[in-house]
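Here's structure_15.pdb, which has PDB, C-alpha atoms:
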MODEL        1
ATOM      1  CA  MET A1317       0.000   0.000   0.000  1.00  0.00           C
ATOM      2  CA  ASP A1318       2.868   2.393   0.768  1.00  0.00           C
ATOM      3  CA  CYS A1319       4.288   1.748  -2.683  1.00  0.00           C
ATOM      4  CA  LEU A1320       1.010   2.804  -4.348  1.00  0.00           C
ATOM      5  CA  LEU A1321       0.889   6.029  -2.359  1.00  0.00           C
ATOM      6  CA  HIS A1322       4.461   6.803  -3.336  1.00  0.00           C
ATOM      7  CA  VAL A1323       3.723   6.278  -7.030  1.00  0.00           C
ATOM      8  CA  ARG A1324       0.665   8.506  -6.840  1.00  0.00           C
ATOM      9  CA  SER A1325       2.599  11.281  -5.125  1.00  0.00           C
ATOM     10  CA  MET A1326       5.317  11.013  -7.777  1.00  0.00           C
ATOM     11  CA  ASP A1327       2.668  11.270 -10.496  1.00  0.00           C
ATOM     12  CA  MET A1328       1.252  14.398  -8.861  1.00  0.00           C
ATOM     13  CA  ARG A1329       4.712  15.956  -8.755  1.00  0.00           C
ATOM     14  CA  LEU A1330       5.226  15.195 -12.427  1.00  0.00           C
ATOM     15  CA  ILE A1331       1.835  16.673 -13.293  1.00  0.00           C
ATOM     16  CA  ALA A1332       2.758  19.795 -11.315  1.00  0.00           C
ATOM     17  CA  LEU A1333       6.065  19.968 -13.240  1.00  0.00           C
ATOM     18  CA  ILE A1334       4.163  19.691 -16.531  1.00  0.00           C
ATOM     19  CA  ILE A1335       1.762  22.471 -15.514  1.00  0.00           C
ATOM     20  CA  PHE A1336       4.649  24.682 -14.367  1.00  0.00           C
ATOM     21  CA  GLY A1337       6.433  24.090 -17.671  1.00  0.00           C
ATOM     22  CA  ALA A1338       3.277  24.910 -19.632  1.00  0.00           C
ATOM     23  CA  VAL A1339       2.823  28.163 -17.706  1.00  0.00           C
ATOM     24  CA  LEU A1340       6.434  29.116 -18.409  1.00  0.00           C
ATOM     25  CA  LEU A1341       5.963  28.339 -22.078  1.00  0.00           C
ATOM     26  CA  ALA A1342       2.732  30.307 -22.409  1.00  0.00           C
ATOM     27  CA  ARG A1343       3.262  33.218 -19.992  1.00  0.00           C
ATOM     28  CA  PRO A1344       6.885  33.455 -18.783  1.00  0.00           C
ATOM     29  CA  ILE A1345       6.372  36.986 -17.464  1.00  0.00           C
ATOM     30  CA  LEU A1346       4.160  35.592 -14.660  1.00  0.00           C
ATOM     31  CA  ILE A1347       7.198  33.839 -13.201  1.00  0.00           C
ATOM     32  CA  ALA A1348       9.895  36.369 -14.187  1.00  0.00           C
ATOM     33  CA  ARG A1349       8.143  39.545 -12.972  1.00  0.00           C
ATOM     34  CA  PRO A1350       8.363  38.849  -9.198  1.00  0.00           C
ATOM     35  CA  PHE A1351      12.120  38.225  -9.413  1.00  0.00           C
ATOM     36  CA  ILE A1352      12.709  41.419 -11.370  1.00  0.00           C
ATOM     37  CA  GLU A1353      10.463  43.568  -9.175  1.00  0.00           C
ATOM     38  CA  ARG A1354      11.931  42.235  -5.915  1.00  0.00           C
ATOM     39  CA  ARG A1355      15.459  43.000  -7.117  1.00  0.00           C
ATOM     40  CA  GLU A1356      14.508  46.508  -8.246  1.00  0.00           C
ATOM     41  CA  ARG A1357      12.803  47.292  -4.908  1.00  0.00           C
ATOM     42  CA  ARG A1358      15.737  46.006  -2.881  1.00  0.00           C
ATOM     43  CA  LEU A1359      18.283  47.847  -5.017  1.00  0.00           C
ATOM     44  CA  ALA A1360      16.314  51.114  -4.698  1.00  0.00           C
ATOM     45  CA  ASP A1361      16.165  50.610  -0.929  1.00  0.00           C
ATOM     46  CA  LEU A1362      19.933  50.108  -0.755  1.00  0.00           C
ATOM     47  CA  ARG A1363      20.582  53.167  -2.928  1.00  0.00           C
ATOM     48  CA  HIS A1364      18.499  55.271  -0.529  1.00  0.00           C
ATOM     49  CA  GLY A1365      20.569  54.205   2.472  1.00  0.00           C
ATOM     50  CA  GLY A1366      19.079  50.859   3.453  1.00  0.00           C
ATOM     51  CA  GLU A1367      21.198  48.452   5.448  1.00  0.00           C
ATOM     52  CA  GLU A1368      22.706  45.490   3.618  1.00  0.00           C
ATOM     53  CA  ALA A1369      21.533  42.050   4.744  1.00  0.00           C
ATOM     54  CA  PHE A1370      24.857  40.437   3.814  1.00  0.00           C
ATOM     55  CA  PHE A1371      28.346  41.477   2.767  1.00  0.00           C
ATOM     56  CA  GLU A1372      28.306  43.408  -0.550  1.00  0.00           C
ATOM     57  CA  GLU A1373      24.610  42.832  -1.195  1.00  0.00           C
ATOM     58  CA  ARG A1374      24.305  45.960  -3.311  1.00  0.00           C
ATOM     59  CA  ARG A1375      27.291  45.017  -5.449  1.00  0.00           C
ATOM     60  CA  SER A1376      25.900  41.541  -6.079  1.00  0.00           C
ATOM     61  CA  LEU A1377      22.462  42.914  -6.985  1.00  0.00           C
ATOM     62  CA  GLU A1378      24.021  45.317  -9.466  1.00  0.00           C
ATOM     63  CA  ALA A1379      26.387  42.726 -10.929  1.00  0.00           C
ATOM     64  CA  TYR A1380      23.959  39.810 -11.315  1.00  0.00           C
ATOM     65  CA  PRO A1381      20.544  40.959 -12.527  1.00  0.00           C
ATOM     66  CA  PRO A1382      17.772  38.385 -13.008  1.00  0.00           C
ATOM     67  CA  VAL A1383      17.151  37.019 -16.479  1.00  0.00           C
ATOM     68  CA  ARG A1384      14.947  39.439 -18.408  1.00  0.00           C
ATOM     69  CA  ARG A1385      14.980  37.613 -21.720  1.00  0.00           C
ATOM     70  CA  LEU A1386      11.708  35.744 -21.976  1.00  0.00           C
ATOM     71  CA  TRP A1387      13.083  33.130 -24.367  1.00  0.00           C
ATOM     72  CA  VAL A1388      15.314  31.844 -21.555  1.00  0.00           C
ATOM     73  CA  TRP A1389      12.274  31.403 -19.310  1.00  0.00           C
ATOM     74  CA  ARG A1390      10.428  29.684 -22.177  1.00  0.00           C
ATOM     75  CA  LEU A1391      13.374  27.334 -22.673  1.00  0.00           C
ATOM     76  CA  ILE A1392      13.293  26.430 -18.970  1.00  0.00           C
ATOM     77  CA  GLY A1393       9.544  25.846 -19.311  1.00  0.00           C
ATOM     78  CA  LEU A1394      10.060  23.589 -22.316  1.00  0.00           C
ATOM     79  CA  VAL A1395      12.639  21.533 -20.421  1.00  0.00           C
ATOM     80  CA  CYS A1396      10.317  21.212 -17.395  1.00  0.00           C
ATOM     81  CA  PHE A1397       7.375  20.267 -19.603  1.00  0.00           C
ATOM     82  CA  LEU A1398       9.307  17.652 -21.579  1.00  0.00           C
ATOM     83  CA  LEU A1399      10.990  16.213 -18.505  1.00  0.00           C
ATOM     84  CA  GLY A1400       7.677  15.855 -16.681  1.00  0.00           C
ATOM     85  CA  ALA A1401       5.820  14.455 -19.693  1.00  0.00           C
ATOM     86  CA  CYS A1402       8.518  11.930 -20.606  1.00  0.00           C
ATOM     87  CA  SER A1403       8.878  10.812 -16.999  1.00  0.00           C
ATOM     88  CA  LEU A1404       5.126  10.374 -16.670  1.00  0.00           C
ATOM     89  CA  ILE A1405       4.712   8.570 -19.986  1.00  0.00           C
ATOM     90  CA  PHE A1406       7.733   6.300 -19.737  1.00  0.00           C
ATOM     91  CA  GLU A1407       7.517   5.923 -15.938  1.00  0.00           C
ATOM     92  CA  VAL A1408      11.119   6.932 -15.355  1.00  0.00           C
ATOM     93  CA  ARG A1409      11.698   6.949 -11.620  1.00  0.00           C
TER      94      ARG A1409
ENDMDL
END
Would you mind writing the file out in structure tokens?
Amino acid sequence: MDCLLHVRSMDMRLIALIIFGAVLLARPILIARPFIERRERRLADLRHGGEEAFFEERRSLEAYPPVRRLWVWRLIGLVCFLLGACSLIFEVR
């Protein structure tokens, strides 16, 4: 019985991965926007004298911006979708 519950939970995870991949393929801005907005808010706070949470936080935020190119997010979505679908279809565990 435990084995059946484990398989069902794995199937639900794969279905969630497929849905996540489909959302990234169709509307990548839904996932990308929060990352971009959070970085912009934090960087503005630091520029106006906010205290850094860790060593050189401002420098790292300026040096490593989040990915703004939507094709990269779509590519990640395609990989998630294909990985989930192939794993579900071929029962790769």
Enumerate, as an NGL selection string, the residues matched when the PyMOL selection byres ((chain A and resi 1391-1403) around 10) is run on the file above.
-> :A and (1326-1327 or 1329-1344 or 1386-1390 or 1404-1409)
Those residues you just picked out, can you put them in a file as a PDB file, in the coordinates of the input with C-alpha atoms?
ATOM      1  CA  MET A1326       5.317  11.013  -7.777  1.00  0.00           C
ATOM      2  CA  ASP A1327       2.668  11.270 -10.496  1.00  0.00           C
ATOM      3  CA  ARG A1329       4.712  15.956  -8.755  1.00  0.00           C
ATOM      4  CA  LEU A1330       5.226  15.195 -12.427  1.00  0.00           C
ATOM      5  CA  ILE A1331       1.835  16.673 -13.293  1.00  0.00           C
ATOM      6  CA  ALA A1332       2.758  19.795 -11.315  1.00  0.00           C
ATOM      7  CA  LEU A1333       6.065  19.968 -13.240  1.00  0.00           C
ATOM      8  CA  ILE A1334       4.163  19.691 -16.531  1.00  0.00           C
ATOM      9  CA  ILE A1335       1.762  22.471 -15.514  1.00  0.00           C
ATOM     10  CA  PHE A1336       4.649  24.682 -14.367  1.00  0.00           C
ATOM     11  CA  GLY A1337       6.433  24.090 -17.671  1.00  0.00           C
ATOM     12  CA  ALA A1338       3.277  24.910 -19.632  1.00  0.00           C
ATOM     13  CA  VAL A1339       2.823  28.163 -17.706  1.00  0.00           C
ATOM     14  CA  LEU A1340       6.434  29.116 -18.409  1.00  0.00           C
ATOM     15  CA  LEU A1341       5.963  28.339 -22.078  1.00  0.00           C
ATOM     16  CA  ALA A1342       2.732  30.307 -22.409  1.00  0.00           C
ATOM     17  CA  ARG A1343       3.262  33.218 -19.992  1.00  0.00           C
ATOM     18  CA  PRO A1344       6.885  33.455 -18.783  1.00  0.00           C
ATOM     19  CA  LEU A1386      11.708  35.744 -21.976  1.00  0.00           C
ATOM     20  CA  TRP A1387      13.083  33.130 -24.367  1.00  0.00           C
ATOM     21  CA  VAL A1388      15.314  31.844 -21.555  1.00  0.00           C
ATOM     22  CA  TRP A1389      12.274  31.403 -19.310  1.00  0.00           C
ATOM     23  CA  ARG A1390      10.428  29.684 -22.177  1.00  0.00           C
ATOM     24  CA  LEU A1404       5.126  10.374 -16.670  1.00  0.00           C
ATOM     25  CA  ILE A1405       4.712   8.570 -19.986  1.00  0.00           C
ATOM     26  CA  PHE A1406       7.733   6.300 -19.737  1.00  0.00           C
ATOM     27  CA  GLU A1407       7.517   5.923 -15.938  1.00  0.00           C
ATOM     28  CA  VAL A1408      11.119   6.932 -15.355  1.00  0.00           C
ATOM     29  CA  ARG A1409      11.698   6.949 -11.620  1.00  0.00           C
TER      30      ARG A1409
END
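Between CA of Asp1361 (chain A) and CA of Ala1348 (chain A) there is a distance of 20.4 Å.
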Who sits within 10 Å of Pro1381 (chain A), all atoms listed in the file, same chain under 2 positions skipped, as a count of residues only | 10
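Coordinates place CA of Met1328 (chain A) at a distance of 25.5 Å from CA of Pro1350 (chain A).
Counting all atoms listed in the file and comparing A:Arg1374, A:Ile1345, A:Tyr1380, A:Ser1325, the residue that lies closest to Arg1358 (chain A) is A:Arg1374.
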CA of Ile1347 (chain A) to CA of Glu1372 (chain A), distance in Å rounded to a single decimal | 26.4 Å
Select region 1335-1408 of chain A in the preceding structure and write C-alpha atoms to a file as a CSV table (one decimal), in the first residue's frame.
chain,number,residue,atom,x,y,z
A,1335,ILE,CA,1.8,22.5,-15.5
A,1336,PHE,CA,4.6,24.7,-14.4
A,1337,GLY,CA,6.4,24.1,-17.7
A,1338,ALA,CA,3.3,24.9,-19.6
A,1339,VAL,CA,2.8,28.2,-17.7
A,1340,LEU,CA,6.4,29.1,-18.4
A,1341,LEU,CA,6.0,28.3,-22.1
A,1342,ALA,CA,2.7,30.3,-22.4
A,1343,ARG,CA,3.3,33.2,-20.0
A,1344,PRO,CA,6.9,33.5,-18.8
A,1345,ILE,CA,6.4,37.0,-17.5
A,1346,LEU,CA,4.2,35.6,-14.7
A,1347,ILE,CA,7.2,33.8,-13.2
A,1348,ALA,CA,9.9,36.4,-14.2
A,1349,ARG,CA,8.1,39.5,-13.0
A,1350,PRO,CA,8.4,38.8,-9.2
A,1351,PHE,CA,12.1,38.2,-9.4
A,1352,ILE,CA,12.7,41.4,-11.4
A,1353,GLU,CA,10.5,43.6,-9.2
A,1354,ARG,CA,11.9,42.2,-5.9
A,1355,ARG,CA,15.5,43.0,-7.1
A,1356,GLU,CA,14.5,46.5,-8.2
A,1357,ARG,CA,12.8,47.3,-4.9
A,1358,ARG,CA,15.7,46.0,-2.9
A,1359,LEU,CA,18.3,47.8,-5.0
A,1360,ALA,CA,16.3,51.1,-4.7
A,1361,ASP,CA,16.2,50.6,-0.9
A,1362,LEU,CA,19.9,50.1,-0.8
A,1363,ARG,CA,20.6,53.2,-2.9
A,1364,HIS,CA,18.5,55.3,-0.5
A,1365,GLY,CA,20.6,54.2,2.5
A,1366,GLY,CA,19.1,50.9,3.5
A,1367,GLU,CA,21.2,48.5,5.4
A,1368,GLU,CA,22.7,45.5,3.6
A,1369,ALA,CA,21.5,42.1,4.7
A,1370,PHE,CA,24.9,40.4,3.8
A,1371,PHE,CA,28.3,41.5,2.8
A,1372,GLU,CA,28.3,43.4,-0.6
A,1373,GLU,CA,24.6,42.8,-1.2
A,1374,ARG,CA,24.3,46.0,-3.3
A,1375,ARG,CA,27.3,45.0,-5.4
A,1376,SER,CA,25.9,41.5,-6.1
A,1377,LEU,CA,22.5,42.9,-7.0
A,1378,GLU,CA,24.0,45.3,-9.5
A,1379,ALA,CA,26.4,42.7,-10.9
A,1380,TYR,CA,24.0,39.8,-11.3
A,1381,PRO,CA,20.5,41.0,-12.5
A,1382,PRO,CA,17.8,38.4,-13.0
A,1383,VAL,CA,17.2,37.0,-16.5
A,1384,ARG,CA,14.9,39.4,-18.4
A,1385,ARG,CA,15.0,37.6,-21.7
A,1386,LEU,CA,11.7,35.7,-22.0
A,1387,TRP,CA,13.1,33.1,-24.4
A,1388,VAL,CA,15.3,31.8,-21.6
A,1389,TRP,CA,12.3,31.4,-19.3
A,1390,ARG,CA,10.4,29.7,-22.2
A,1391,LEU,CA,13.4,27.3,-22.7
A,1392,ILE,CA,13.3,26.4,-19.0
A,1393,GLY,CA,9.5,25.8,-19.3
A,1394,LEU,CA,10.1,23.6,-22.3
A,1395,VAL,CA,12.6,21.5,-20.4
A,1396,CYS,CA,10.3,21.2,-17.4
A,1397,PHE,CA,7.4,20.3,-19.6
A,1398,LEU,CA,9.3,17.7,-21.6
A,1399,LEU,CA,11.0,16.2,-18.5
A,1400,GLY,CA,7.7,15.9,-16.7
A,1401,ALA,CA,5.8,14.5,-19.7
A,1402,CYS,CA,8.5,11.9,-20.6
A,1403,SER,CA,8.9,10.8,-17.0
A,1404,LEU,CA,5.1,10.4,-16.7
A,1405,ILE,CA,4.7,8.6,-20.0
A,1406,PHE,CA,7.7,6.3,-19.7
A,1407,GLU,CA,7.5,5.9,-15.9
A,1408,VAL,CA,11.1,6.9,-15.4
